[in-house]
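This is my_file-v7.pdb. It holds PDB, C-alpha atoms, pLDDT in the B column.
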ATOM      1  CA  MET A   1       0.000   0.000   0.000  1.00 83.00           C
ATOM      2  CA  SER A   2       1.073   3.581  -0.631  1.00 89.00           C
ATOM      3  CA  TYR A   3       0.103   6.184   1.973  1.00 93.00           C
ATOM      4  CA  LEU A   4       0.205   9.982   1.598  1.00 95.00           C
ATOM      5  CA  LEU A   5       0.127  12.183   4.723  1.00 97.00           C
ATOM      6  CA  GLY A   6      -0.314  15.893   4.186  1.00 96.00           C
ATOM      7  CA  ASP A   7      -0.277  19.139   6.125  1.00 97.00           C
ATOM      8  CA  LYS A   8      -2.460  21.207   3.800  1.00 95.00           C
ATOM      9  CA  VAL A   9      -1.849  24.442   5.744  1.00 96.00           C
ATOM     10  CA  ALA A  10       1.937  24.186   5.362  1.00 97.00           C
ATOM     11  CA  GLY A  11       1.688  22.525   1.953  1.00 97.00           C
ATOM     12  CA  GLU A  12       4.034  19.656   2.843  1.00 98.00           C
ATOM     13  CA  ALA A  13       3.641  15.897   2.686  1.00 97.00           C
ATOM     14  CA  VAL A  14       5.317  12.581   3.333  1.00 97.00           C
ATOM     15  CA  LEU A  15       4.791   9.318   1.507  1.00 95.00           C
ATOM     16  CA  ILE A  16       4.879   6.053   3.410  1.00 95.00           C
ATOM     17  CA  ASP A  17       5.751   2.901   1.483  1.00 90.00           C
ATOM     18  CA  PRO A  18       5.080   4.348  -1.966  1.00 91.00           C
ATOM     19  CA  ARG A  19       5.142   1.715  -4.673  1.00 86.00           C
ATOM     20  CA  GLY A  20       6.930   2.515  -7.889  1.00 85.00           C
ATOM     21  CA  ALA A  21       3.753   1.658  -9.811  1.00 85.00           C
ATOM     22  CA  ASP A  22       1.868   4.359  -7.855  1.00 90.00           C
ATOM     23  CA  VAL A  23       4.289   7.250  -8.504  1.00 92.00           C
ATOM     24  CA  SER A  24       2.179   8.960 -11.199  1.00 92.00           C
ATOM     25  CA  VAL A  25      -1.003   8.760  -9.076  1.00 95.00           C
ATOM     26  CA  LEU A  26       0.836  10.023  -5.994  1.00 95.00           C
ATOM     27  CA  ARG A  27       2.270  12.966  -7.962  1.00 94.00           C
ATOM     28  CA  ALA A  28      -1.227  13.853  -9.182  1.00 96.00           C
ATOM     29  CA  LEU A  29      -2.617  13.711  -5.619  1.00 95.00           C
ATOM     30  CA  MET A  30       0.134  16.021  -4.375  1.00 96.00           C
ATOM     31  CA  VAL A  31      -0.419  18.496  -7.224  1.00 96.00           C
ATOM     32  CA  GLU A  32      -4.194  18.427  -6.683  1.00 96.00           C
ATOM     33  CA  ASN A  33      -3.753  19.086  -2.945  1.00 96.00           C
ATOM     34  CA  ARG A  34      -0.902  21.620  -3.439  1.00 97.00           C
ATOM     35  CA  LEU A  35       1.542  19.536  -1.418  1.00 97.00           C
ATOM     36  CA  ARG A  36       5.336  19.504  -1.718  1.00 97.00           C
ATOM     37  CA  LEU A  37       6.917  16.142  -0.896  1.00 97.00           C
ATOM     38  CA  ARG A  38       9.239  16.465   2.095  1.00 96.00           C
ATOM     39  CA  TRP A  39      10.142  12.805   2.791  1.00 95.00           C
ATOM     40  CA  VAL A  40       9.691   9.281   1.464  1.00 93.00           C
ATOM     41  CA  LEU A  41       9.382   6.903   4.427  1.00 94.00           C
ATOM     42  CA  ARG A  42       9.858   3.189   3.854  1.00 90.00           C
ATOM     43  CA  THR A  43       8.885   0.671   6.523  1.00 87.00           C
ATOM     44  CA  HIS A  44      10.808  -2.015   4.642  1.00 72.00           C
ATOM     45  CA  GLU A  45      11.883  -2.878   1.138  1.00 69.00           C
ATOM     46  CA  HIS A  46      12.158  -5.853  -1.169  1.00 59.00           C
ATOM     47  CA  ASP A  47      14.240  -4.080  -3.820  1.00 53.00           C
ATOM     48  CA  ALA A  48      16.240  -7.212  -4.613  1.00 52.00           C
ATOM     49  CA  MET A  49      13.025  -8.735  -5.995  1.00 52.00           C
ATOM     50  CA  LEU A  50      11.483  -5.484  -7.286  1.00 53.00           C
ATOM     51  CA  LEU A  51      14.366  -4.231  -9.369  1.00 59.00           C
ATOM     52  CA  ARG A  52      12.804  -0.950 -10.580  1.00 71.00           C
ATOM     53  CA  GLU A  53      11.405   0.220  -7.205  1.00 77.00           C
ATOM     54  CA  SER A  54      14.425   2.262  -6.088  1.00 79.00           C
ATOM     55  CA  SER A  55      14.790   4.079  -9.392  1.00 82.00           C
ATOM     56  CA  ALA A  56      11.042   4.840  -9.565  1.00 85.00           C
ATOM     57  CA  LEU A  57      11.057   6.248  -6.023  1.00 85.00           C
ATOM     58  CA  ALA A  58      14.183   8.314  -6.757  1.00 86.00           C
ATOM     59  CA  THR A  59      12.174  10.245  -9.365  1.00 89.00           C
ATOM     60  CA  LEU A  60      10.069  11.691  -6.529  1.00 91.00           C
ATOM     61  CA  GLY A  61      13.039  13.891  -5.610  1.00 91.00           C
ATOM     62  CA  ALA A  62      12.675  13.675  -1.806  1.00 93.00           C
ATOM     63  CA  PRO A  63      15.027  12.176   0.788  1.00 92.00           C
ATOM     64  CA  VAL A  64      14.287   8.518   1.537  1.00 88.00           C
ATOM     65  CA  ILE A  65      14.216   7.282   5.141  1.00 88.00           C
ATOM     66  CA  GLU A  66      14.551   3.514   5.421  1.00 84.00           C
ATOM     67  CA  ARG A  67      16.750   3.218   8.514  1.00 78.00           C
ATOM     68  CA  GLN A  68      16.299   4.549  12.052  1.00 73.00           C
ATOM     69  CA  VAL A  69      16.943   8.285  12.410  1.00 77.00           C
ATOM     70  CA  PRO A  70      19.015   9.801  15.270  1.00 71.00           C
ATOM     71  CA  ARG A  71      16.223  11.533  17.220  1.00 82.00           C
ATOM     72  CA  GLY A  72      13.477   9.181  16.077  1.00 91.00           C
ATOM     73  CA  VAL A  73      11.288  11.974  14.644  1.00 94.00           C
ATOM     74  CA  ILE A  74      10.595  13.204  11.092  1.00 94.00           C
ATOM     75  CA  LEU A  75       9.080  16.682  10.653  1.00 95.00           C
ATOM     76  CA  PHE A  76       6.895  17.918   7.788  1.00 96.00           C
ATOM     77  CA  GLY A  77       4.969  21.184   7.917  1.00 96.00           C
ATOM     78  CA  GLY A  78       3.581  21.482  11.441  1.00 96.00           C
ATOM     79  CA  GLU A  79       3.424  17.696  11.809  1.00 97.00           C
ATOM     80  CA  GLN A  80       5.776  15.089  13.162  1.00 96.00           C
ATOM     81  CA  VAL A  81       6.073  11.371  12.593  1.00 96.00           C
ATOM     82  CA  GLN A  82       7.714   9.170  15.213  1.00 95.00           C
ATOM     83  CA  VAL A  83      10.092   6.582  13.761  1.00 94.00           C
ATOM     84  CA  LEU A  84      10.075   3.194  15.537  1.00 93.00           C
ATOM     85  CA  ALA A  85      12.637   0.445  14.948  1.00 90.00           C
ATOM     86  CA  THR A  86      10.472  -2.673  14.531  1.00 90.00           C
ATOM     87  CA  PRO A  87      12.616  -5.472  13.085  1.00 84.00           C
ATOM     88  CA  GLY A  88      11.072  -8.831  12.321  1.00 73.00           C
ATOM     89  CA  HIS A  89       9.511  -8.941   8.874  1.00 72.00           C
ATOM     90  CA  THR A  90      12.920  -7.831   7.615  1.00 73.00           C
ATOM     91  CA  ALA A  91      16.024  -6.995   9.632  1.00 75.00           C
ATOM     92  CA  SER A  92      15.681  -3.209   9.426  1.00 78.00           C
ATOM     93  CA  CYS A  93      11.895  -2.716   9.451  1.00 88.00           C
ATOM     94  CA  LEU A  94      10.550   0.593  10.686  1.00 92.00           C
ATOM     95  CA  SER A  95       7.088   1.689  11.759  1.00 94.00           C
ATOM     96  CA  PHE A  96       5.824   5.265  11.662  1.00 95.00           C
ATOM     97  CA  ALA A  97       3.502   6.659  14.350  1.00 97.00           C
ATOM     98  CA  TRP A  98       1.387   9.695  13.455  1.00 97.00           C
ATOM     99  CA  HIS A  99      -1.425  10.958  15.703  1.00 96.00           C
ATOM    100  CA  ASP A 100      -3.657   7.960  16.543  1.00 96.00           C
ATOM    101  CA  ARG A 101      -2.252   5.654  13.890  1.00 97.00           C
ATOM    102  CA  VAL A 102       0.799   3.524  13.171  1.00 97.00           C
ATOM    103  CA  PHE A 103       1.978   2.619   9.684  1.00 95.00           C
ATOM    104  CA  CYS A 104       3.579  -0.723  10.459  1.00 90.00           C
ATOM    105  CA  GLY A 105       4.453  -2.012   6.986  1.00 84.00           C
ATOM    106  CA  GLY A 106       5.087  -5.752   7.115  1.00 81.00           C
ATOM    107  CA  LEU A 107       5.389  -5.989  10.893  1.00 85.00           C
ATOM    108  CA  MET A 108       2.044  -7.760  11.339  1.00 83.00           C
ATOM    109  CA  ALA A 109       2.497  -9.720   8.086  1.00 76.00           C
ATOM    110  CA  ALA A 110       3.774 -12.982   9.490  1.00 68.00           C
ATOM    111  CA  ASP A 111       2.550 -14.793   6.372  1.00 71.00           C
ATOM    112  CA  THR A 112       0.833 -12.296   4.036  1.00 63.00           C
ATOM    113  CA  CYS A 113       3.736 -10.623   2.224  1.00 65.00           C
ATOM    114  CA  PRO A 114       4.190 -12.088  -1.259  1.00 65.00           C
ATOM    115  CA  TYR A 115       7.912 -11.225  -1.205  1.00 65.00           C
ATOM    116  CA  GLN A 116       8.770 -12.407   2.330  1.00 64.00           C
ATOM    117  CA  PRO A 117       5.998 -14.848   3.374  1.00 62.00           C
ATOM    118  CA  TRP A 118       7.618 -15.671   6.726  1.00 64.00           C
ATOM    119  CA  PRO A 119       9.341 -13.545   9.383  1.00 69.00           C
ATOM    120  CA  LEU A 120      13.020 -13.011   8.601  1.00 68.00           C
ATOM    121  CA  GLN A 121      13.677 -12.390  12.315  1.00 79.00           C
ATOM    122  CA  PRO A 122      10.921 -14.169  14.295  1.00 84.00           C
ATOM    123  CA  GLU A 123      12.290 -13.106  17.695  1.00 91.00           C
ATOM    124  CA  GLY A 124      12.494  -9.503  16.527  1.00 89.00           C
ATOM    125  CA  MET A 125       8.962  -9.638  15.115  1.00 89.00           C
ATOM    126  CA  TRP A 126       7.511 -10.961  18.391  1.00 91.00           C
ATOM    127  CA  ASP A 127       9.389  -8.380  20.465  1.00 93.00           C
ATOM    128  CA  SER A 128       8.492  -5.494  18.106  1.00 92.00           C
ATOM    129  CA  VAL A 129       4.787  -6.362  18.115  1.00 93.00           C
ATOM    130  CA  GLN A 130       4.639  -6.778  21.891  1.00 94.00           C
ATOM    131  CA  ARG A 131       6.742  -3.685  22.679  1.00 93.00           C
ATOM    132  CA  HIS A 132       5.625  -1.204  20.014  1.00 93.00           C
ATOM    133  CA  ILE A 133       2.141  -2.296  18.900  1.00 94.00           C
ATOM    134  CA  PHE A 134       0.329  -4.214  21.630  1.00 95.00           C
ATOM    135  CA  SER A 135       1.449  -1.638  24.217  1.00 95.00           C
ATOM    136  CA  LEU A 136      -0.598   1.068  22.420  1.00 96.00           C
ATOM    137  CA  PRO A 137      -4.203   2.045  23.251  1.00 97.00           C
ATOM    138  CA  ASP A 138      -6.838  -0.365  21.889  1.00 97.00           C
ATOM    139  CA  GLU A 139      -8.276   2.187  19.459  1.00 97.00           C
ATOM    140  CA  THR A 140      -4.942   2.965  17.747  1.00 97.00           C
ATOM    141  CA  LEU A 141      -5.312   2.442  14.000  1.00 97.00           C
ATOM    142  CA  LEU A 142      -2.816   0.135  12.295  1.00 95.00           C
ATOM    143  CA  PHE A 143      -2.073   0.576   8.592  1.00 93.00           C
ATOM    144  CA  SER A 144      -0.333  -2.379   6.982  1.00 85.00           C
ATOM    145  CA  ALA A 145       1.639  -2.673   3.777  1.00 77.00           C
ATOM    146  CA  HIS A 146      -0.046  -6.024   3.063  1.00 69.00           C
ATOM    147  CA  SER A 147      -3.717  -6.928   3.208  1.00 63.00           C
ATOM    148  CA  ARG A 148      -5.264  -9.770   5.148  1.00 62.00           C
ATOM    149  CA  ARG A 149      -8.731 -10.738   3.922  1.00 64.00           C
ATOM    150  CA  ALA A 150      -8.721  -7.589   1.727  1.00 60.00           C
ATOM    151  CA  ARG A 151      -8.178  -5.305   4.759  1.00 75.00           C
ATOM    152  CA  VAL A 152      -5.151  -3.135   5.411  1.00 82.00           C
ATOM    153  CA  VAL A 153      -6.522  -1.076   8.323  1.00 91.00           C
ATOM    154  CA  SER A 154      -7.309  -2.501  11.739  1.00 92.00           C
ATOM    155  CA  THR A 155      -6.941  -1.529  15.400  1.00 95.00           C
ATOM    156  CA  VAL A 156      -4.579  -2.671  18.116  1.00 95.00           C
ATOM    157  CA  GLN A 157      -7.492  -4.324  19.893  1.00 96.00           C
ATOM    158  CA  GLU A 158      -8.519  -6.260  16.760  1.00 93.00           C
ATOM    159  CA  GLN A 159      -4.970  -7.514  16.285  1.00 92.00           C
ATOM    160  CA  ARG A 160      -4.549  -8.465  19.953  1.00 93.00           C
ATOM    161  CA  MET A 161      -7.767 -10.473  19.847  1.00 94.00           C
ATOM    162  CA  ASN A 162      -7.801 -11.907  16.312  1.00 91.00           C
ATOM    163  CA  HIS A 163      -4.366 -11.957  14.696  1.00 88.00           C
ATOM    164  CA  PRO A 164      -3.856 -15.556  13.535  1.00 86.00           C
ATOM    165  CA  TRP A 165      -0.234 -15.583  14.724  1.00 87.00           C
ATOM    166  CA  PHE A 166      -0.224 -13.341  17.812  1.00 88.00           C
ATOM    167  CA  ALA A 167      -3.637 -13.656  19.510  1.00 90.00           C
ATOM    168  CA  GLN A 168      -3.458 -15.998  22.511  1.00 87.00           C
ATOM    169  CA  ALA A 169       0.033 -17.117  21.471  1.00 90.00           C
ATOM    170  CA  SER A 170       3.032 -17.392  23.736  1.00 93.00           C
ATOM    171  CA  ARG A 171       6.450 -16.309  22.534  1.00 93.00           C
ATOM    172  CA  GLU A 172       7.539 -19.962  22.300  1.00 93.00           C
ATOM    173  CA  THR A 173       4.463 -20.976  20.283  1.00 92.00           C
ATOM    174  CA  PHE A 174       4.927 -18.060  17.893  1.00 88.00           C
ATOM    175  CA  LEU A 175       8.638 -18.807  17.378  1.00 88.00           C
ATOM    176  CA  ALA A 176       8.005 -22.502  16.771  1.00 89.00           C
ATOM    177  CA  ARG A 177       5.339 -21.713  14.175  1.00 87.00           C
ATOM    178  CA  ALA A 178       7.532 -19.104  12.467  1.00 85.00           C
ATOM    179  CA  ARG A 179      10.474 -21.499  12.209  1.00 84.00           C
ATOM    180  CA  ALA A 180       8.253 -24.273  10.868  1.00 85.00           C
ATOM    181  CA  SER A 181       6.868 -22.005   8.134  1.00 78.00           C
ATOM    182  CA  ALA A 182      10.212 -20.567   6.961  1.00 72.00           C
ATOM    183  CA  SER A 183      10.882 -21.025   3.256  1.00 59.00           C
ATOM    184  CA  PRO A 184      12.722 -19.024   0.597  1.00 52.00           C
ATOM    185  CA  PRO A 185      10.872 -15.817  -0.411  1.00 47.00           C
ATOM    186  CA  ARG A 186       9.185 -15.693  -3.807  1.00 45.00           C
ATOM    187  CA  ALA A 187       8.555 -12.718  -6.088  1.00 42.00           C
ATOM    188  CA  LEU A 188       4.987 -12.043  -7.215  1.00 40.00           C
ATOM    189  CA  GLN A 189       3.136  -9.177  -8.888  1.00 42.00           C
ATOM    190  CA  HIS A 190       0.562  -7.300  -6.836  1.00 43.00           C
ATOM    191  CA  ASP A 191      -1.624  -4.277  -7.396  1.00 44.00           C
ATOM    192  CA  GLU A 192      -2.987  -2.493  -4.359  1.00 43.00           C
ATOM    193  CA  PRO A 193      -4.781   0.866  -4.192  1.00 45.00           C
ATOM    194  CA  VAL A 194      -3.320   4.147  -2.931  1.00 44.00           C
ATOM    195  CA  ARG A 195      -4.641   5.534   0.410  1.00 47.00           C
ATOM    196  CA  LEU A 196      -4.733   9.288   1.117  1.00 45.00           C
ATOM    197  CA  GLN A 197      -4.514  10.520   4.748  1.00 52.00           C
ATOM    198  CA  HIS A 198      -4.727  14.151   5.837  1.00 47.00           C
TER     199      HIS A 198
END
Written form, C-alpha cells:
Amino acid sequence: MSYLLGDKVAGEAVLIDPRGADVSVLRALMVENRLRLRWVLRTHEHDAMLLRESSALATLGAPVIERQVPRGVILFGGEQVQVLATPGHTASCLSFAWHDRVFCGGLMAADTCPYQPWPLQPEGMWDSVQRHIFSLPDETLLFSAHSRRARVVSTVQEQRMNHPWFAQASRETFLARARASASPPRALQHDEPVRLQH
C-alpha cells in the first residue's frame, strides 16, 4: 500500500511505502492538494526482488528514510512522525507513528507478504509487536503494507484479539510456528490501491 500524509496548511507531505507503480497517481494527488513532498518513508523494502522500485522512487526527488533516524522523529509542515525500529519482517523494518495511527508495513504480516511470506527475524517480530504495537491504546489504527482478507486497516485491539499468529500465542508458540513455516521468499506481482490521509 502507498500512503500519503499531508499538512495542507503548510503545503508539505510525506509518503509512506510508496510503490513505484503508484508514482504517477501520488504525484497527481500532491499536485491536486498543493503539497510539496518532504520525505519518502519506507517501513521495509524488497528491492532485490522489485528491481525498478528504487529508481522509480528516486524520481520523486525527496530524501528517503529507510533506517532509524538519530532523534526518532521526522518533521513535515507542522506535523511530526515518530520513527520506531520494529525489526522482524525484515532486519531493518521501521514503523511510523502519526497521531492515533501507526503505519507498520510488514510488521504484522507474518505470512501475508508475497515477497517475504515468513518472518526473517521471528524473535524480533515478536518483540516489536509486543513492545511497540500491543502496548498502544486499543483504538490505535494500524495501517499495513499487506492486506489480510482484503483489509489493510485494523486496530490494536482487533490484532490483539484476532491476529492468527499473535492472539493468545506465547512467545515460544509463535517462534516454533515461524520457524516451521520458513521457506525461501518468492517474487509475485501485486496491485494495491493508494490511500490518502490528511
*Mind checking which residues fall within 10 Å of Val69 (chain A), counting only C-alpha atoms, ignoring those fewer than 6 positions away in the same chain, and posting them as a ChimeraX atom specification?*
/A:82-85
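Using the PyMOL selection byres ((chain A and resi 44) around 10) on the file at hand returns these residues: Asp17, Leu41, Arg42, Thr43, Glu45, His46, Asp47, Ile65, Glu66, Arg67, Thr86, Pro87, His89, Thr90, Ala91, Ser92, Cys93, Leu94, Ser95, Cys104, Gly105, Gly106, Leu107 and Ala145 of chain A.
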*asked:* Which residues are near region 172-174 of chain A? Cut-off 9 Å, only C-alpha atoms, ignore same chain within fewer than 4 positions. Put them as a ChimeraX atom specification.
replied: /A:122-123,126,165-166,178-179
*Choose the residue, out of A:Ser154, A:Ser144, A:Ser54, A:Gln159, that has the smallest atom-to-atom separation from Met1 (chain A); count only C-alpha atoms.*
A:Ser144
Give me, as a PDB file with C-alpha atoms, in the coordinates of the input, all polymer residues having an atom no more than 9 Å from Arg19 (chain A), counting all atoms listed in the file and skipping those fewer than 6 positions away in the same chain.
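Result saved to part_38.pdb:
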ATOM      1  CA  MET A   1       0.000   0.000   0.000  1.00 83.00           C
ATOM      2  CA  SER A   2       1.073   3.581  -0.631  1.00 89.00           C
ATOM      3  CA  GLU A  53      11.405   0.220  -7.205  1.00 77.00           C
ATOM      4  CA  ALA A  56      11.042   4.840  -9.565  1.00 85.00           C
ATOM      5  CA  LEU A  57      11.057   6.248  -6.023  1.00 85.00           C
ATOM      6  CA  VAL A 194      -3.320   4.147  -2.931  1.00 44.00           C
TER       7      VAL A 194
END
*asked:* At a cut-off of 7 Å, using only C-alpha atoms, what residues contact region 60-62 of chain A? Leave out same-chain residues fewer than 2 positions from it and give the result as a PyMOL selection string.
replied: chain A and resi 37-40+57-58+64
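Proximity of A:Ala167, A:Gly88, A:Arg34, A:Thr140 to Arg101 (chain A), computed with all atoms listed in the file, is greatest for A:Thr140.
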*Which residues, protein or nucleic acid, reach to within 9 Å of (0.2, 21.9, 3.8) in the file's coordinates when using only C-alpha atoms, and can you give that as a ChimeraX atom specification?*
/A:6-13,33-36,76-78
*asked:* Set the distance at 6 Å and use all atoms listed in the file: which residues neighbour Phe143 (chain A) once local chain neighbours fewer than 3 positions away are removed? I'd like the list as a ChimeraX atom specification.
replied: /A:103,152-153
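Going from CA of Leu141 (chain A) over to CA of Met108 (chain A), you cover 12.9 Å.
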*asked:* Could you tell me how far CA of Gly124 (chain A) sits from CA of Thr155 (chain A), in Å to one decimal place?
replied: 21.0 Å
*Pairwise distance for CA of Glu139 (chain A) and CA of Asp127 (chain A), rounded to one decimal in Å*: 20.6 Å
Build an axis-aligned box that encloses every atom of region 93-98 of chain A listed in the file, pad it by 8 Å on each side, and report its centre and edge lengths in Å to one decimal, as JSON.
{"center_x": 6.6, "center_y": 3.5, "center_z": 11.9, "size_x": 26.5, "size_y": 28.4, "size_z": 20.9}
Missing atoms of region 56-86 of chain A rebuilt to N, CA and C atoms, written as a PDB file, in the coordinates of the input:
ATOM      1  N   ALA A  56      12.337   4.158  -9.461  1.00 85.00           N
ATOM      2  CA  ALA A  56      11.042   4.840  -9.565  1.00 85.00           C
ATOM      3  C   ALA A  56      10.849   5.805  -8.406  1.00 85.00           C
ATOM      4  N   LEU A  57      11.220   5.382  -7.197  1.00 85.00           N
ATOM      5  CA  LEU A  57      11.057   6.248  -6.023  1.00 85.00           C
ATOM      6  C   LEU A  57      12.031   7.421  -6.062  1.00 85.00           C
ATOM      7  N   ALA A  58      13.199   7.230  -6.643  1.00 86.00           N
ATOM      8  CA  ALA A  58      14.183   8.314  -6.757  1.00 86.00           C
ATOM      9  C   ALA A  58      13.635   9.468  -7.598  1.00 86.00           C
ATOM     10  N   THR A  59      12.734   9.177  -8.524  1.00 89.00           N
ATOM     11  CA  THR A  59      12.174  10.245  -9.365  1.00 89.00           C
ATOM     12  C   THR A  59      11.279  11.198  -8.573  1.00 89.00           C
ATOM     13  N   LEU A  60      10.899  10.814  -7.362  1.00 91.00           N
ATOM     14  CA  LEU A  60      10.069  11.691  -6.529  1.00 91.00           C
ATOM     15  C   LEU A  60      10.860  12.888  -6.008  1.00 91.00           C
ATOM     16  N   GLY A  61      12.190  12.767  -5.967  1.00 91.00           N
ATOM     17  CA  GLY A  61      13.039  13.891  -5.610  1.00 91.00           C
ATOM     18  C   GLY A  61      13.057  14.277  -4.143  1.00 91.00           C
ATOM     19  N   ALA A  62      12.665  13.382  -3.247  1.00 93.00           N
ATOM     20  CA  ALA A  62      12.675  13.675  -1.806  1.00 93.00           C
ATOM     21  C   ALA A  62      13.603  12.693  -1.102  1.00 93.00           C
ATOM     22  N   PRO A  63      14.171  13.103   0.040  1.00 92.00           N
ATOM     23  CA  PRO A  63      15.027  12.176   0.788  1.00 92.00           C
ATOM     24  C   PRO A  63      14.243  10.933   1.221  1.00 92.00           C
ATOM     25  N   VAL A  64      14.907   9.793   1.156  1.00 88.00           N
ATOM     26  CA  VAL A  64      14.287   8.518   1.537  1.00 88.00           C
ATOM     27  C   VAL A  64      14.807   8.096   2.911  1.00 88.00           C
ATOM     28  N   ILE A  65      13.870   7.786   3.804  1.00 88.00           N
ATOM     29  CA  ILE A  65      14.216   7.282   5.141  1.00 88.00           C
ATOM     30  C   ILE A  65      13.835   5.812   5.169  1.00 88.00           C
ATOM     31  N   GLU A  66      14.830   4.938   5.306  1.00 84.00           N
ATOM     32  CA  GLU A  66      14.551   3.514   5.421  1.00 84.00           C
ATOM     33  C   GLU A  66      15.381   2.858   6.522  1.00 84.00           C
ATOM     34  N   ARG A  67      16.014   3.683   7.330  1.00 78.00           N
ATOM     35  CA  ARG A  67      16.750   3.218   8.514  1.00 78.00           C
ATOM     36  C   ARG A  67      16.406   4.157   9.660  1.00 78.00           C
ATOM     37  N   GLN A  68      16.621   3.733  10.874  1.00 73.00           N
ATOM     38  CA  GLN A  68      16.299   4.549  12.052  1.00 73.00           C
ATOM     39  C   GLN A  68      17.023   5.888  11.968  1.00 73.00           C
ATOM     40  N   VAL A  69      16.362   6.948  12.416  1.00 77.00           N
ATOM     41  CA  VAL A  69      16.943   8.285  12.410  1.00 77.00           C
ATOM     42  C   VAL A  69      17.396   8.648  13.818  1.00 77.00           C
ATOM     43  N   PRO A  70      18.414   9.525  13.954  1.00 71.00           N
ATOM     44  CA  PRO A  70      19.015   9.801  15.270  1.00 71.00           C
ATOM     45  C   PRO A  70      18.039  10.175  16.383  1.00 71.00           C
ATOM     46  N   ARG A  71      17.131  11.127  16.149  1.00 82.00           N
ATOM     47  CA  ARG A  71      16.223  11.533  17.220  1.00 82.00           C
ATOM     48  C   ARG A  71      14.888  10.805  17.169  1.00 82.00           C
ATOM     49  N   GLY A  72      14.697   9.959  16.173  1.00 91.00           N
ATOM     50  CA  GLY A  72      13.477   9.181  16.077  1.00 91.00           C
ATOM     51  C   GLY A  72      12.244   9.963  15.654  1.00 91.00           C
ATOM     52  N   VAL A  73      12.424  11.152  15.061  1.00 94.00           N
ATOM     53  CA  VAL A  73      11.288  11.974  14.644  1.00 94.00           C
ATOM     54  C   VAL A  73      11.567  12.579  13.273  1.00 94.00           C
ATOM     55  N   ILE A  74      10.547  12.569  12.408  1.00 94.00           N
ATOM     56  CA  ILE A  74      10.595  13.204  11.092  1.00 94.00           C
ATOM     57  C   ILE A  74       9.576  14.336  11.114  1.00 94.00           C
ATOM     58  N   LEU A  75       9.982  15.527  10.667  1.00 95.00           N
ATOM     59  CA  LEU A  75       9.080  16.682  10.653  1.00 95.00           C
ATOM     60  C   LEU A  75       8.656  16.997   9.221  1.00 95.00           C
ATOM     61  N   PHE A  76       7.367  17.366   9.060  1.00 96.00           N
ATOM     62  CA  PHE A  76       6.895  17.918   7.788  1.00 96.00           C
ATOM     63  C   PHE A  76       5.798  18.909   8.122  1.00 96.00           C
ATOM     64  N   GLY A  77       5.912  20.124   7.565  1.00 96.00           N
ATOM     65  CA  GLY A  77       4.969  21.184   7.917  1.00 96.00           C
ATOM     66  C   GLY A  77       4.930  21.351   9.426  1.00 96.00           C
ATOM     67  N   GLY A  78       3.736  21.411   9.991  1.00 96.00           N
ATOM     68  CA  GLY A  78       3.581  21.482  11.441  1.00 96.00           C
ATOM     69  C   GLY A  78       3.365  20.126  12.076  1.00 96.00           C
ATOM     70  N   GLU A  79       3.663  19.069  11.351  1.00 97.00           N
ATOM     71  CA  GLU A  79       3.424  17.696  11.809  1.00 97.00           C
ATOM     72  C   GLU A  79       4.738  17.000  12.126  1.00 97.00           C
ATOM     73  N   GLN A  80       4.612  15.941  12.923  1.00 96.00           N
ATOM     74  CA  GLN A  80       5.776  15.089  13.162  1.00 96.00           C
ATOM     75  C   GLN A  80       5.362  13.630  13.149  1.00 96.00           C
ATOM     76  N   VAL A  81       6.266  12.807  12.666  1.00 96.00           N
ATOM     77  CA  VAL A  81       6.073  11.371  12.593  1.00 96.00           C
ATOM     78  C   VAL A  81       7.158  10.735  13.454  1.00 96.00           C
ATOM     79  N   GLN A  82       6.744   9.885  14.376  1.00 95.00           N
ATOM     80  CA  GLN A  82       7.714   9.170  15.213  1.00 95.00           C
ATOM     81  C   GLN A  82       8.185   7.928  14.460  1.00 95.00           C
ATOM     82  N   VAL A  83       9.495   7.721  14.451  1.00 94.00           N
ATOM     83  CA  VAL A  83      10.092   6.582  13.761  1.00 94.00           C
ATOM     84  C   VAL A  83      10.428   5.509  14.800  1.00 94.00           C
ATOM     85  N   LEU A  84       9.863   4.300  14.608  1.00 93.00           N
ATOM     86  CA  LEU A  84      10.075   3.194  15.537  1.00 93.00           C
ATOM     87  C   LEU A  84      10.860   2.085  14.848  1.00 93.00           C
ATOM     88  N   ALA A  85      11.903   1.604  15.473  1.00 90.00           N
ATOM     89  CA  ALA A  85      12.637   0.445  14.948  1.00 90.00           C
ATOM     90  C   ALA A  85      11.835  -0.799  15.316  1.00 90.00           C
ATOM     91  N   THR A  86      11.316  -1.495  14.296  1.00 90.00           N
ATOM     92  CA  THR A  86      10.472  -2.673  14.531  1.00 90.00           C
ATOM     93  C   THR A  86      10.929  -3.842  13.653  1.00 90.00           C
TER      94      THR A  86
END
